[in-house]
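Shown below: entry_6.cif, with mmCIF, C-alpha atoms.
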data_input
#
loop_
_atom_site.label_atom_id
_atom_site.label_comp_id
_atom_site.auth_asym_id
_atom_site.auth_seq_id
_atom_site.Cartn_x
_atom_site.Cartn_y
_atom_site.Cartn_z
CA MET H 1 5.82 1.88 -14.67
CA ILE H 2 2.37 2.66 -16.04
CA LYS H 3 2.05 6.31 -16.95
CA ASN H 4 -1.72 6.71 -17.11
CA LYS H 5 -3.23 5.26 -13.93
CA GLU H 6 -6.77 5.53 -15.24
CA LYS H 7 -6.32 3.21 -18.21
CA TYR H 8 -5.73 -0.38 -17.20
CA ASN H 9 -4.57 -2.39 -20.18
CA GLU H 10 -3.92 -6.05 -19.34
CA ARG H 11 -1.54 -6.63 -22.25
CA GLU H 12 0.44 -3.47 -21.56
CA PHE H 13 0.76 -4.37 -17.91
CA ILE H 14 1.85 -7.97 -18.63
CA SER H 15 4.47 -6.49 -20.95
CA ILE H 16 5.75 -4.29 -18.09
CA LEU H 17 5.93 -7.31 -15.77
CA LYS H 18 7.76 -9.32 -18.44
CA GLN H 19 10.31 -6.56 -18.96
CA ARG H 20 10.88 -6.30 -15.19
CA PHE H 21 11.27 -10.09 -15.05
CA GLU H 22 13.89 -10.02 -17.82
CA ASN H 23 15.73 -7.02 -16.34
CA ASN H 24 16.00 -8.66 -12.90
CA ILE H 25 16.63 -12.32 -13.75
CA SER H 26 18.69 -12.81 -10.55
CA ARG H 27 15.43 -12.58 -8.54
CA HIS H 28 14.01 -15.65 -10.26
CA LYS H 29 16.82 -17.69 -11.86
CA ASP H 30 14.94 -20.97 -12.17
CA MET H 31 11.59 -19.61 -13.38
CA GLU H 32 10.18 -19.42 -16.88
CA TRP H 33 8.29 -16.30 -17.94
CA ARG H 34 5.95 -18.32 -20.18
CA LEU H 35 4.57 -20.24 -17.18
CA ILE H 36 4.19 -17.08 -15.13
CA GLN H 37 2.39 -15.30 -17.95
CA GLU H 38 -0.03 -18.21 -18.33
CA ARG H 39 -0.78 -18.01 -14.60
CA LEU H 40 -1.31 -14.23 -14.82
CA GLU H 41 -3.63 -14.50 -17.82
CA SER H 42 -5.73 -17.17 -16.12
CA ASN H 43 -6.10 -15.08 -12.92
CA PRO H 44 -7.40 -11.64 -13.95
CA GLU H 45 -8.30 -10.61 -10.37
CA LYS H 46 -4.78 -11.34 -9.16
CA LEU H 47 -3.31 -9.58 -12.20
CA TYR H 48 -5.39 -6.53 -11.33
CA GLY H 49 -4.07 -6.78 -7.75
CA LEU H 50 -0.54 -6.62 -9.15
CA TYR H 51 -1.60 -3.61 -11.18
CA GLN H 52 -2.76 -1.93 -7.96
CA MET H 53 0.66 -2.67 -6.47
CA GLU H 54 2.22 -1.11 -9.57
CA ILE H 55 0.26 2.14 -9.62
CA SER H 56 0.94 2.71 -5.92
CA GLY H 57 4.68 2.55 -6.66
CA GLY H 58 5.52 -1.03 -5.68
CA GLU H 59 7.10 -2.32 -8.90
CA PRO H 60 5.95 -5.91 -8.24
CA ASP H 61 8.15 -8.76 -9.43
CA VAL H 62 7.98 -12.51 -9.03
CA VAL H 63 10.49 -13.64 -6.41
CA ALA H 64 9.56 -17.22 -5.47
CA PHE H 65 7.65 -20.33 -6.46
CA ASP H 66 6.29 -22.62 -3.76
CA ILE H 67 6.09 -26.17 -5.07
CA SER H 68 3.88 -27.33 -2.17
CA THR H 69 1.16 -24.74 -2.88
CA ASN H 70 1.88 -24.31 -6.61
CA GLU H 71 1.97 -20.52 -6.13
CA TYR H 72 4.18 -17.75 -7.44
CA SER H 73 4.94 -14.95 -4.97
CA PHE H 74 5.20 -11.37 -6.16
CA PHE H 75 6.79 -8.82 -3.82
CA ASP H 76 7.05 -5.06 -4.08
CA CYS H 77 10.56 -4.60 -5.45
CA SER H 78 10.71 -0.81 -5.67
CA GLU H 79 14.02 0.56 -4.43
CA GLU H 80 12.29 2.43 -1.60
CA SER H 81 9.02 1.79 0.21
CA PRO H 82 6.25 2.44 -2.36
CA LYS H 83 5.51 6.18 -2.62
CA GLY H 84 1.77 5.70 -2.85
CA ARG H 85 1.72 3.77 0.44
CA ARG H 86 3.53 6.00 2.90
CA SER H 87 2.45 8.17 5.85
CA LEU H 88 0.17 5.45 7.22
CA CYS H 89 -0.17 4.14 10.76
CA TYR H 90 -0.15 0.37 11.23
CA ASP H 91 -3.81 -0.74 11.47
CA GLN H 92 -7.40 0.40 12.04
CA GLU H 93 -7.11 0.12 15.82
CA ALA H 94 -4.11 2.49 15.74
CA LEU H 95 -5.98 4.86 13.43
CA ASP H 96 -8.96 4.89 15.81
CA GLU H 97 -6.70 5.55 18.82
CA ARG H 98 -5.05 8.53 17.19
CA LYS H 99 -6.87 11.67 18.33
CA GLU H 100 -4.98 14.41 16.49
CA ASN H 101 -3.17 14.62 13.15
CA LYS H 102 -4.59 11.34 11.92
CA PRO H 103 -3.05 9.84 8.80
CA LYS H 104 -5.33 9.19 5.83
CA ASP H 105 -5.39 5.45 6.45
CA SER H 106 -3.50 2.49 7.87
CA ALA H 107 -1.08 0.08 6.23
CA MET H 108 -3.25 -2.94 7.02
CA ASN H 109 -6.38 -1.29 5.57
CA ARG H 110 -4.54 -0.32 2.39
CA ALA H 111 -3.05 -3.79 2.00
CA LYS H 112 -6.49 -5.36 2.34
CA ALA H 113 -7.93 -2.91 -0.22
CA LEU H 114 -5.14 -3.84 -2.64
CA GLY H 115 -5.70 -7.56 -2.05
CA ILE H 116 -2.17 -8.13 -0.77
CA GLU H 117 -0.46 -9.18 2.47
CA ILE H 118 2.10 -7.02 4.25
CA LEU H 119 5.52 -8.67 4.30
CA ASP H 120 6.53 -10.35 7.53
CA GLU H 121 10.08 -10.43 8.96
CA LYS H 122 11.05 -13.63 7.16
CA GLN H 123 9.79 -12.33 3.80
CA TYR H 124 11.55 -9.00 4.34
CA HIS H 125 14.86 -10.72 5.03
CA PHE H 126 14.33 -12.84 1.90
CA LEU H 127 13.64 -9.70 -0.16
CA GLN H 128 16.86 -8.10 1.08
CA LYS H 129 18.83 -11.10 -0.26
CA LEU H 130 17.59 -10.10 -3.73
CA GLY H 131 18.88 -6.52 -3.53
CA ASN H 132 19.24 -3.57 -1.19
CA PHE H 133 15.81 -2.10 -0.53
CA ASP H 134 14.67 0.67 1.84
CA GLN H 135 18.03 2.40 2.11
CA LYS H 136 16.29 5.77 2.65
CA THR H 137 12.82 4.66 3.73
CA SER H 138 11.33 2.03 6.04
CA SER H 139 8.44 -0.40 5.73
CA TRP H 140 5.87 -1.63 8.24
CA LEU H 141 6.00 -5.40 8.71
CA LYS H 142 3.30 -7.83 9.75
CA THR H 143 3.50 -7.57 13.51
CA PRO H 144 3.23 -10.53 15.87
CA LYS H 145 0.00 -10.45 17.92
CA GLU H 146 1.92 -10.32 21.21
CA ILE H 147 3.58 -7.04 20.21
CA ARG H 148 0.42 -5.57 18.73
CA LYS H 149 -1.58 -6.33 21.91
CA LEU H 150 0.85 -4.09 23.78
CA GLY H 151 0.31 -1.20 21.34
CA GLY H 152 3.41 -1.69 19.23
CA ALA H 153 4.17 -2.58 15.63
CA ILE H 154 7.39 -3.45 13.82
CA PHE H 155 9.04 -2.00 10.76
CA ALA H 156 12.32 -2.53 8.94
CA ASP H 157 14.90 -0.87 6.75
CA PHE H 158 18.35 -1.53 5.31
CA ARG H 159 21.27 0.58 6.57
CA TYR H 160 25.01 -0.04 6.88
CA ASN H 161 24.68 -3.28 4.85
CA GLN H 162 22.34 -4.64 7.52
CA VAL H 163 18.60 -5.27 7.87
CA PHE H 164 17.26 -3.57 10.98
CA ILE H 165 13.95 -4.51 12.57
CA TYR H 166 12.57 -1.81 14.86
CA HIS H 167 9.46 -1.12 16.89
CA ASN H 168 7.20 1.89 17.20
CA GLY H 169 3.77 2.71 18.50
CA ALA H 170 1.29 1.35 15.96
CA GLN H 171 -0.40 4.77 15.72
CA SER H 172 2.81 6.48 14.54
CA TYR H 173 3.35 7.41 10.91
CA TYR H 174 6.12 9.04 8.93
CA ALA H 175 6.54 10.41 5.41
CA VAL H 176 9.30 7.89 4.74
CA ARG H 177 7.55 4.82 6.17
CA GLY H 178 5.25 2.76 4.01
CA PHE H 179 4.71 -0.94 3.54
CA ARG H 180 5.67 -3.64 1.08
CA GLY H 181 3.31 -6.37 0.05
CA CYS H 182 3.14 -9.89 -1.27
CA LEU H 183 0.60 -11.29 -3.69
CA LYS H 184 0.48 -15.03 -4.40
CA ILE H 185 -0.81 -16.44 -7.65
#
Using the file provided, produce a representation of the structure as structure tokens.
Amino acid sequence: MIKNKEKYNEREFISILKQRFENNISRHKDMEWRLIQERLESNPEKLYGLYQMEISGGEPDVVAFDISTNEYSFFDCSEESPKGRRSLCYDQEALDERKENKPKDSAMNRAKALGIEILDEKQYHFLQKLGNFDQKTSSWLKTPKEIRKLGGAIFADFRYNQVFIYHNGAQSYYAVRGFRGCLKI
């Protein structure tokens, strides 16, 4: 993890991503670091987006390559929901509805500011096949419109060797609930 958040050094950060790639080869068995690094170096805005994921505690790592879109997917692979992205309600509408004890922001607003997408259910289940994440925390998930229209939002965690998908009012927030993101390059 980057120690000094104020000093963004592209080479240093690529080195951190490479080390994470090498330390977690089971997440990307059929991928070559050289090709990923070339993609990162040719997309400085996306690389900076990964850096934003990093400094907010996400520990981004490449987890998939989509042949049809020619894109690598990076997910937050921190053991628990990223520390710098917790205590947030779901979206701006929920934040506006909350009258007292408002959180600082919403998960959807923060994701947009970081240039990432919040994981959906399918992506979250895929992530959990790569390791056991959110054993003490939970993460907001991209909520289907039908649920959101009714005032709810979904989140997930991993307990008892099982992924659990739950619901809550979108305006709720907890110190142990954050969100995980995906950035495609």
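Taking atom CA of Gly169 of chain H and atom CA of Cys89 of chain H as endpoints, the distance between them is 8.8 Å.
Atom CA of Phe179 of chain H sits 25.6 Å away from atom CA of Glu12 of chain H.
Among the candidates H:Asp66, H:Glu10, H:Asn23, H:Asn109, the one nearest to Asn43 of chain H when counting only C-alpha atoms is H:Glu10.
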Excluding segment 145-160 of chain H and any residue of its chain fewer than 3 positions from it, enumerate the residues within 8 Å of it, using all atoms listed in the file, and give them as a PyMOL selection string.
-> chain H and resi 90+124+128+132-142+163-170
Taking the file as shown, what set of residues would the PyMOL selection byres ((chain H and resi 77) around 7) give back, as an MDAnalysis selection string?
-> chainID H and resid 58:61 75:76 78:79
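Going from atom CA of Ser26 of chain H to atom CA of Ser56 of chain H covers 24.0 Å.
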Find the residues near Arg85 of chain H: any atom within 10 Å, counting only C-alpha atoms, skip ones fewer than 4 places away on the same chain, and give them as an mmCIF file with C-alpha atoms, keeping the file's coordinate frame.
data_model
loop_
_atom_site.group_PDB
_atom_site.id
_atom_site.type_symbol
_atom_site.label_atom_id
_atom_site.label_comp_id
_atom_site.auth_asym_id
_atom_site.auth_seq_id
_atom_site.Cartn_x
_atom_site.Cartn_y
_atom_site.Cartn_z
ATOM 1 C CA MET H 53 0.660 -2.670 -6.470
ATOM 2 C CA SER H 56 0.940 2.710 -5.920
ATOM 3 C CA GLY H 57 4.680 2.550 -6.660
ATOM 4 C CA GLY H 58 5.520 -1.030 -5.680
ATOM 5 C CA SER H 81 9.020 1.790 0.210
ATOM 6 C CA ASP H 105 -5.390 5.450 6.450
ATOM 7 C CA SER H 106 -3.500 2.490 7.870
ATOM 8 C CA ALA H 107 -1.080 0.080 6.230
ATOM 9 C CA ARG H 110 -4.540 -0.320 2.390
ATOM 10 C CA ALA H 111 -3.050 -3.790 2.000
ATOM 11 C CA SER H 139 8.440 -0.400 5.730
ATOM 12 C CA ALA H 175 6.540 10.410 5.410
ATOM 13 C CA VAL H 176 9.300 7.890 4.740
ATOM 14 C CA ARG H 177 7.550 4.820 6.170
ATOM 15 C CA GLY H 178 5.250 2.760 4.010
ATOM 16 C CA PHE H 179 4.710 -0.940 3.540
ATOM 17 C CA ARG H 180 5.670 -3.640 1.080
#
Looking at H:Lys46, H:Lys129, H:Lys122, H:Lys7, which one is nearest to Ile185 of chain H, with distances taken over all atoms listed in the file?
-> H:Lys46
Model the absent atoms of segment 13-24 of chain H so that all heavy atoms are present, and write the result as an mmCIF file, in the frame of the given file.
data_model
loop_
_atom_site.group_PDB
_atom_site.id
_atom_site.type_symbol
_atom_site.label_atom_id
_atom_site.label_comp_id
_atom_site.auth_asym_id
_atom_site.auth_seq_id
_atom_site.Cartn_x
_atom_site.Cartn_y
_atom_site.Cartn_z
ATOM 1 N N PHE H 13 0.235 -4.093 -19.231
ATOM 2 C CA PHE H 13 0.760 -4.370 -17.910
ATOM 3 C C PHE H 13 1.561 -5.677 -17.882
ATOM 4 O O PHE H 13 2.630 -5.743 -17.267
ATOM 5 C CB PHE H 13 -0.371 -4.394 -16.870
ATOM 6 C CG PHE H 13 0.130 -4.615 -15.473
ATOM 7 C CD1 PHE H 13 1.155 -3.831 -14.948
ATOM 8 C CD2 PHE H 13 -0.405 -5.606 -14.686
ATOM 9 C CE1 PHE H 13 1.639 -4.038 -13.666
ATOM 10 C CE2 PHE H 13 0.068 -5.824 -13.395
ATOM 11 C CZ PHE H 13 1.089 -5.034 -12.893
ATOM 12 N N ILE H 14 1.083 -6.714 -18.542
ATOM 13 C CA ILE H 14 1.850 -7.970 -18.630
ATOM 14 C C ILE H 14 3.195 -7.711 -19.296
ATOM 15 O O ILE H 14 4.218 -8.261 -18.882
ATOM 16 C CB ILE H 14 1.042 -9.068 -19.355
ATOM 17 C CG1 ILE H 14 -0.087 -9.561 -18.437
ATOM 18 C CG2 ILE H 14 1.941 -10.227 -19.773
ATOM 19 C CD1 ILE H 14 -1.039 -10.561 -19.068
ATOM 20 N N SER H 15 3.216 -6.846 -20.278
ATOM 21 C CA SER H 15 4.470 -6.490 -20.950
ATOM 22 C C SER H 15 5.443 -5.811 -19.966
ATOM 23 O O SER H 15 6.649 -6.073 -19.982
ATOM 24 C CB SER H 15 4.169 -5.572 -22.134
ATOM 25 O OG SER H 15 5.357 -5.119 -22.714
ATOM 26 N N ILE H 16 4.918 -4.955 -19.104
ATOM 27 C CA ILE H 16 5.750 -4.290 -18.090
ATOM 28 C C ILE H 16 6.310 -5.333 -17.117
ATOM 29 O O ILE H 16 7.504 -5.306 -16.785
ATOM 30 C CB ILE H 16 4.931 -3.219 -17.337
ATOM 31 C CG1 ILE H 16 4.671 -2.035 -18.261
ATOM 32 C CG2 ILE H 16 5.625 -2.766 -16.051
ATOM 33 C CD1 ILE H 16 3.638 -1.066 -17.757
ATOM 34 N N LEU H 17 5.469 -6.259 -16.674
ATOM 35 C CA LEU H 17 5.930 -7.310 -15.770
ATOM 36 C C LEU H 17 6.985 -8.201 -16.429
ATOM 37 O O LEU H 17 7.982 -8.578 -15.798
ATOM 38 C CB LEU H 17 4.754 -8.159 -15.284
ATOM 39 C CG LEU H 17 3.744 -7.460 -14.382
ATOM 40 C CD1 LEU H 17 2.548 -8.367 -14.127
ATOM 41 C CD2 LEU H 17 4.386 -7.031 -13.071
ATOM 42 N N LYS H 18 6.788 -8.505 -17.707
ATOM 43 C CA LYS H 18 7.760 -9.320 -18.440
ATOM 44 C C LYS H 18 9.097 -8.604 -18.537
ATOM 45 O O LYS H 18 10.155 -9.204 -18.312
ATOM 46 C CB LYS H 18 7.239 -9.642 -19.840
ATOM 47 C CG LYS H 18 8.200 -10.486 -20.649
ATOM 48 C CD LYS H 18 7.684 -10.775 -22.037
ATOM 49 C CE LYS H 18 8.696 -11.642 -22.781
ATOM 50 N NZ LYS H 18 8.291 -11.876 -24.175
ATOM 51 N N GLN H 19 9.067 -7.332 -18.858
ATOM 52 C CA GLN H 19 10.310 -6.560 -18.960
ATOM 53 C C GLN H 19 11.027 -6.512 -17.608
ATOM 54 O O GLN H 19 12.242 -6.677 -17.534
ATOM 55 C CB GLN H 19 10.022 -5.148 -19.457
ATOM 56 C CG GLN H 19 11.278 -4.332 -19.668
ATOM 57 C CD GLN H 19 10.985 -2.971 -20.275
ATOM 58 O OE1 GLN H 19 9.832 -2.601 -20.500
ATOM 59 N NE2 GLN H 19 12.030 -2.217 -20.536
ATOM 60 N N ARG H 20 10.284 -6.315 -16.538
ATOM 61 C CA ARG H 20 10.880 -6.300 -15.190
ATOM 62 C C ARG H 20 11.478 -7.664 -14.870
ATOM 63 O O ARG H 20 12.566 -7.758 -14.307
ATOM 64 C CB ARG H 20 9.821 -5.905 -14.158
ATOM 65 C CG ARG H 20 10.394 -5.725 -12.765
ATOM 66 C CD ARG H 20 9.394 -5.107 -11.802
ATOM 67 N NE ARG H 20 9.058 -3.766 -12.237
ATOM 68 C CZ ARG H 20 7.817 -3.275 -12.271
ATOM 69 N NH1 ARG H 20 6.793 -4.017 -11.872
ATOM 70 N NH2 ARG H 20 7.594 -2.059 -12.687
ATOM 71 N N PHE H 21 10.780 -8.729 -15.245
ATOM 72 C CA PHE H 21 11.270 -10.090 -15.050
ATOM 73 C C PHE H 21 12.610 -10.275 -15.767
ATOM 74 O O PHE H 21 13.576 -10.764 -15.189
ATOM 75 C CB PHE H 21 10.225 -11.085 -15.585
ATOM 76 C CG PHE H 21 10.624 -12.523 -15.485
ATOM 77 C CD1 PHE H 21 10.316 -13.260 -14.353
ATOM 78 C CD2 PHE H 21 11.293 -13.152 -16.525
ATOM 79 C CE1 PHE H 21 10.664 -14.600 -14.260
ATOM 80 C CE2 PHE H 21 11.655 -14.491 -16.437
ATOM 81 C CZ PHE H 21 11.342 -15.217 -15.302
ATOM 82 N N GLU H 22 12.667 -9.864 -17.023
ATOM 83 C CA GLU H 22 13.890 -10.020 -17.820
ATOM 84 C C GLU H 22 15.029 -9.133 -17.324
ATOM 85 O O GLU H 22 16.192 -9.525 -17.382
ATOM 86 C CB GLU H 22 13.596 -9.722 -19.296
ATOM 87 C CG GLU H 22 12.705 -10.775 -19.922
ATOM 88 C CD GLU H 22 12.173 -10.400 -21.298
ATOM 89 O OE1 GLU H 22 12.305 -9.229 -21.720
ATOM 90 O OE2 GLU H 22 11.607 -11.304 -21.960
ATOM 91 N N ASN H 23 14.707 -7.956 -16.824
ATOM 92 C CA ASN H 23 15.730 -7.020 -16.340
ATOM 93 C C ASN H 23 16.290 -7.414 -14.971
ATOM 94 O O ASN H 23 17.318 -6.884 -14.562
ATOM 95 C CB ASN H 23 15.182 -5.602 -16.265
ATOM 96 C CG ASN H 23 14.932 -5.000 -17.628
ATOM 97 O OD1 ASN H 23 15.424 -5.492 -18.640
ATOM 98 N ND2 ASN H 23 14.145 -3.946 -17.664
ATOM 99 N N ASN H 24 15.593 -8.293 -14.263
ATOM 100 C CA ASN H 24 16.000 -8.660 -12.900
ATOM 101 C C ASN H 24 16.030 -10.180 -12.739
ATOM 102 O O ASN H 24 15.526 -10.728 -11.761
ATOM 103 C CB ASN H 24 15.042 -8.042 -11.884
ATOM 104 C CG ASN H 24 15.051 -6.540 -11.941
ATOM 105 O OD1 ASN H 24 15.969 -5.898 -11.443
ATOM 106 N ND2 ASN H 24 14.048 -5.960 -12.583
#
